[in-house]
Amino acid sequence: MPRKLSVLDLSPIPAGHTPTDALANSVDLARHAEAAGYHRYWLAEHHNTGMLACSAPELLITRIAAATTTLRVGSGGTMLPNHSPLKVAEVFRVLEAMFPGRIDLGLGRAPGTDPVTASALRRGAAGADDFPGQLADLVGYLKDVMPDGHPHARVRATPVGVPCPPIWILGSSLYGARVAAVNGFGFAYAHHIVPENAHAAMRLYREEFRASPFGHEPRAILAVSAICAPEEDEAERLAATADLSMMRTRTGRTRHPLPSVEEALAYVYQPEEEALRQYNRTRIHIGTPQALHAAIGTLADETLADEIMVTSQIHHHPYRVRSYQLLAQALMP
């Protein structure tokens, strides 16, 4: 079935380059993605890592939306427990006012970082782990429908009179699918984080979906990790970067930038590290356009995804751009 194709960008900082380079790469990739026919471009939120420059997705949204004309641009996601619901509502009202009809608000429950950093982000924020309550407040501010008796019922998210951007719930479990379904939000499943729950979560979302002012029918995105190259051997070589960076992240070594292929191929994995590397291969699609057309297309069919969103950790930026271009040719009619 025909599907839209989109980008999830973590703004990786390649070894030997600077955060400024990484952010410039994001803008360049967005322009290439737009030219290749991609539908939306989402920016992630991660903190306290030397590998990623995506600590402020709302700023990147502004830059990328200004550099493009047709892409929908949004957060993939804004990690709501890290923020005041009022502030999120105001930021996205400003974005929607600046770029009408092009902004998405993707929300996550995870911190996007380690527990200590999460504590620093949420310092002094009472109820920071109350995701349902925060979500209700955010919706109230965006729709100007705070319930009577709410302590902040008289507060308005400004500027007023701005339409609510589409809300999406990001998840890697049944919890996120259920939250999206009962509220009529869109749902984006993170197969690149937890592949095991993809089929069950996407099915539950459709089974439990309830129409609401936010959506009258299910809208499901399947987010996958992919590395595409003209030849299988080259794709495997490029994937060495993703293997090493994932292992380092999973073992708390977050100060490193995104390793080069040469550094990754030279790394000697210990047995427990090799087990993580092998697990990473269950979360990532690697190969030629023809191979990924079959693998990702089959997965999208099985999960009834309306849209495929791709993230790709490739050290050399031109190869990363080429990977997205090849995927566009393979996955879009």
# chains A, B, ... in the order shown; residues from 1 in each chain; ligands from 1
>>> select_by_dssp(residues="segment 60-232 of chain A", states="helix (DSSP H, G or I)", output="count of residues only")
70
>>> residues_around(residues="Leu222 of chain A", least_positions_apart="4", cutoff="9 Å", atoms="only C-alpha atoms", output="JSON, numbers by chain")
{"A": [187, 188, 189, 190, 191, 198, 202, 299, 300, 303, 304, 305, 306, 307, 308, 309, 310]}
>>> residues_around(residues="Arg255 of chain A", least_positions_apart="2", cutoff="6 Å", atoms="only C-alpha atoms", output="PyMOL selection string")
chain A and resi 49-50+253
>>> write_last_selection(atoms="N, CA, C and O atoms", output="short mmCIF file (atom, residue, chain, number, x, y, z; two decimals), in the first residue's frame")
data_model
loop_
_atom_site.label_atom_id
_atom_site.label_comp_id
_atom_site.auth_asym_id
_atom_site.auth_seq_id
_atom_site.Cartn_x
_atom_site.Cartn_y
_atom_site.Cartn_z
N THR A 49 24.54 14.15 26.37
CA THR A 49 25.24 13.19 25.52
C THR A 49 26.18 13.94 24.58
O THR A 49 25.82 15.01 24.06
N GLY A 50 27.36 13.38 24.38
CA GLY A 50 28.30 13.97 23.44
C GLY A 50 28.06 13.55 22.01
O GLY A 50 28.76 14.03 21.10
N ARG A 253 28.18 5.11 28.26
CA ARG A 253 29.33 5.87 27.75
C ARG A 253 28.82 6.90 26.74
O ARG A 253 28.94 6.71 25.53
#
>>> residues_around(residues="segment 64-72 of chain A", least_positions_apart="5", cutoff="7 Å", atoms="only C-alpha atoms", output="ChimeraX atom specification")
/A:27,30-31,34,39-41,102-104
>>> closest_residue(among="A:Pro289, A:Ala229, A:Pro318, A:Leu326", to="Asp28 of chain A", atoms="only C-alpha atoms")
A:Pro318
>>> atom_distance(atom1="atom CA of Glu58 of chain A", atom2="atom CA of Gly77 of chain A")
9.7 Å
>>> residues_around(residues="Leu121 of chain A", least_positions_apart="6", cutoff="10 Å", atoms="only C-alpha atoms", output="PyMOL selection string")
chain A and resi 47+81-83+111+113+115+128
>>> write_last_selection(atoms="all heavy atoms", output="mmCIF file, in the first residue's frame")
data_model
loop_
_atom_site.group_PDB
_atom_site.id
_atom_site.type_symbol
_atom_site.label_atom_id
_atom_site.label_comp_id
_atom_site.auth_asym_id
_atom_site.auth_seq_id
_atom_site.Cartn_x
_atom_site.Cartn_y
_atom_site.Cartn_z
ATOM 1 N N HIS A 47 19.419 14.600 26.061
ATOM 2 C CA HIS A 47 20.234 15.463 26.922
ATOM 3 C C HIS A 47 21.470 14.726 27.441
ATOM 4 O O HIS A 47 21.483 13.496 27.524
ATOM 5 C CB HIS A 47 19.404 15.950 28.117
ATOM 6 C CG HIS A 47 18.163 16.697 27.728
ATOM 7 N ND1 HIS A 47 18.157 18.042 27.414
ATOM 8 C CD2 HIS A 47 16.868 16.276 27.575
ATOM 9 C CE1 HIS A 47 16.930 18.417 27.101
ATOM 10 N NE2 HIS A 47 16.129 17.371 27.190
ATOM 11 N N PRO A 81 7.485 15.224 30.495
ATOM 12 C CA PRO A 81 7.852 15.337 31.909
ATOM 13 C C PRO A 81 9.012 16.291 32.183
ATOM 14 O O PRO A 81 9.213 16.703 33.322
ATOM 15 C CB PRO A 81 8.230 13.897 32.288
ATOM 16 C CG PRO A 81 7.436 13.051 31.346
ATOM 17 C CD PRO A 81 7.464 13.815 30.056
ATOM 18 N N ASN A 82 9.779 16.650 31.147
ATOM 19 C CA ASN A 82 10.897 17.577 31.333
ATOM 20 C C ASN A 82 10.460 19.041 31.297
ATOM 21 O O ASN A 82 11.280 19.930 31.503
ATOM 22 C CB ASN A 82 11.949 17.386 30.238
ATOM 23 C CG ASN A 82 12.604 16.025 30.273
ATOM 24 O OD1 ASN A 82 12.553 15.330 31.279
ATOM 25 N ND2 ASN A 82 13.225 15.642 29.170
ATOM 26 N N HIS A 83 9.176 19.296 31.001
ATOM 27 C CA HIS A 83 8.756 20.661 30.694
ATOM 28 C C HIS A 83 7.449 21.024 31.397
ATOM 29 O O HIS A 83 6.650 20.157 31.750
ATOM 30 C CB HIS A 83 8.556 20.828 29.190
ATOM 31 C CG HIS A 83 9.726 20.421 28.370
ATOM 32 N ND1 HIS A 83 10.841 21.206 28.190
ATOM 33 C CD2 HIS A 83 9.959 19.271 27.677
ATOM 34 C CE1 HIS A 83 11.705 20.580 27.413
ATOM 35 N NE2 HIS A 83 11.200 19.407 27.092
ATOM 36 N N PRO A 111 12.461 10.413 29.606
ATOM 37 C CA PRO A 111 13.208 11.652 29.818
ATOM 38 C C PRO A 111 14.146 12.013 28.680
ATOM 39 O O PRO A 111 14.569 13.157 28.579
ATOM 40 C CB PRO A 111 13.996 11.370 31.100
ATOM 41 C CG PRO A 111 14.189 9.887 31.100
ATOM 42 C CD PRO A 111 12.926 9.319 30.497
ATOM 43 N N THR A 113 17.146 10.853 28.506
ATOM 44 C CA THR A 113 18.456 10.970 29.131
ATOM 45 C C THR A 113 18.540 10.014 30.312
ATOM 46 O O THR A 113 17.630 9.205 30.546
ATOM 47 C CB THR A 113 18.708 12.421 29.582
ATOM 48 O OG1 THR A 113 20.069 12.563 30.015
ATOM 49 C CG2 THR A 113 17.774 12.834 30.720
ATOM 50 N N PRO A 115 18.819 9.060 34.526
ATOM 51 C CA PRO A 115 18.002 9.528 35.658
ATOM 52 C C PRO A 115 18.539 10.780 36.353
ATOM 53 O O PRO A 115 17.759 11.639 36.773
ATOM 54 C CB PRO A 115 17.999 8.334 36.610
ATOM 55 C CG PRO A 115 18.211 7.141 35.719
ATOM 56 C CD PRO A 115 19.139 7.619 34.646
ATOM 57 N N ALA A 128 6.316 16.107 38.233
ATOM 58 C CA ALA A 128 6.933 16.003 36.918
ATOM 59 C C ALA A 128 6.748 14.632 36.283
ATOM 60 O O ALA A 128 6.880 14.487 35.080
ATOM 61 C CB ALA A 128 8.431 16.331 37.024
#
>>> closest_residue(among="A:Leu107, A:Val73, A:Met51, A:Ala181", to="Ala15 of chain A", atoms="only C-alpha atoms")
A:Met51
>>> closest_residue(among="A:Asp301, A:Glu274, A:Asp243, A:Glu207", to="Pro259 of chain A", atoms="only C-alpha atoms")
A:Asp243
>>> residues_around(residues="Gln270 of chain A", least_positions_apart="4", cutoff="12 Å", atoms="only C-alpha atoms", output="PyMOL selection string")
chain A and resi 244+247+274-277
>>> write_last_selection(atoms="N, CA, C and O atoms", output="PDB file, in the first residue's frame")
ATOM      1  N   LEU A 244      28.404   0.533  17.299  1.00  0.00           N
ATOM      2  CA  LEU A 244      29.243   0.991  18.398  1.00  0.00           C
ATOM      3  C   LEU A 244      28.571   2.113  19.180  1.00  0.00           C
ATOM      4  O   LEU A 244      28.624   2.138  20.420  1.00  0.00           O
ATOM      5  N   MET A 247      25.892   0.575  21.456  1.00  0.00           N
ATOM      6  CA  MET A 247      26.466  -0.144  22.592  1.00  0.00           C
ATOM      7  C   MET A 247      26.977   0.837  23.649  1.00  0.00           C
ATOM      8  O   MET A 247      26.763   0.640  24.851  1.00  0.00           O
ATOM      9  N   GLU A 274      29.225  -7.554  22.708  1.00  0.00           N
ATOM     10  CA  GLU A 274      28.826  -8.202  21.464  1.00  0.00           C
ATOM     11  C   GLU A 274      27.358  -8.618  21.514  1.00  0.00           C
ATOM     12  O   GLU A 274      26.645  -8.552  20.500  1.00  0.00           O
ATOM     13  N   ALA A 275      26.886  -9.002  22.691  1.00  0.00           N
ATOM     14  CA  ALA A 275      25.470  -9.347  22.829  1.00  0.00           C
ATOM     15  C   ALA A 275      24.597  -8.123  22.547  1.00  0.00           C
ATOM     16  O   ALA A 275      23.548  -8.229  21.892  1.00  0.00           O
ATOM     17  N   LEU A 276      25.013  -6.951  23.007  1.00  0.00           N
ATOM     18  CA  LEU A 276      24.273  -5.727  22.720  1.00  0.00           C
ATOM     19  C   LEU A 276      24.334  -5.395  21.232  1.00  0.00           C
ATOM     20  O   LEU A 276      23.345  -4.953  20.645  1.00  0.00           O
ATOM     21  N   ARG A 277      25.492  -5.624  20.633  1.00  0.00           N
ATOM     22  CA  ARG A 277      25.612  -5.357  19.205  1.00  0.00           C
ATOM     23  C   ARG A 277      24.666  -6.253  18.407  1.00  0.00           C
ATOM     24  O   ARG A 277      24.007  -5.800  17.464  1.00  0.00           O
TER      25      ARG A 277
END
>>> residues_around(residues="Ala53 of chain A", least_positions_apart="3", cutoff="12 Å", atoms="only C-alpha atoms", output="VMD selection string")
chain A and resid 9 to 14 17 to 26 43 to 50 56 to 57 59 to 60 255 257 to 258
>>> select_by_dssp(residues="segment 110-331 of chain A", states="strand (DSSP E or B)", output="NGL selection string")
:A and (167-171 or 186-190 or 212 or 215 or 220-228 or 258 or 284-287 or 307-311)
>>> closest_residue(among="A:Met98, A:Val224, A:Leu52, A:Leu138", to="His315 of chain A", atoms="only C-alpha atoms")
A:Leu52
>>> closest_residue(among="A:Gly176, A:Gly108, A:Gly186, A:Pro195", to="Ile284 of chain A", atoms="only C-alpha atoms")
A:Pro195
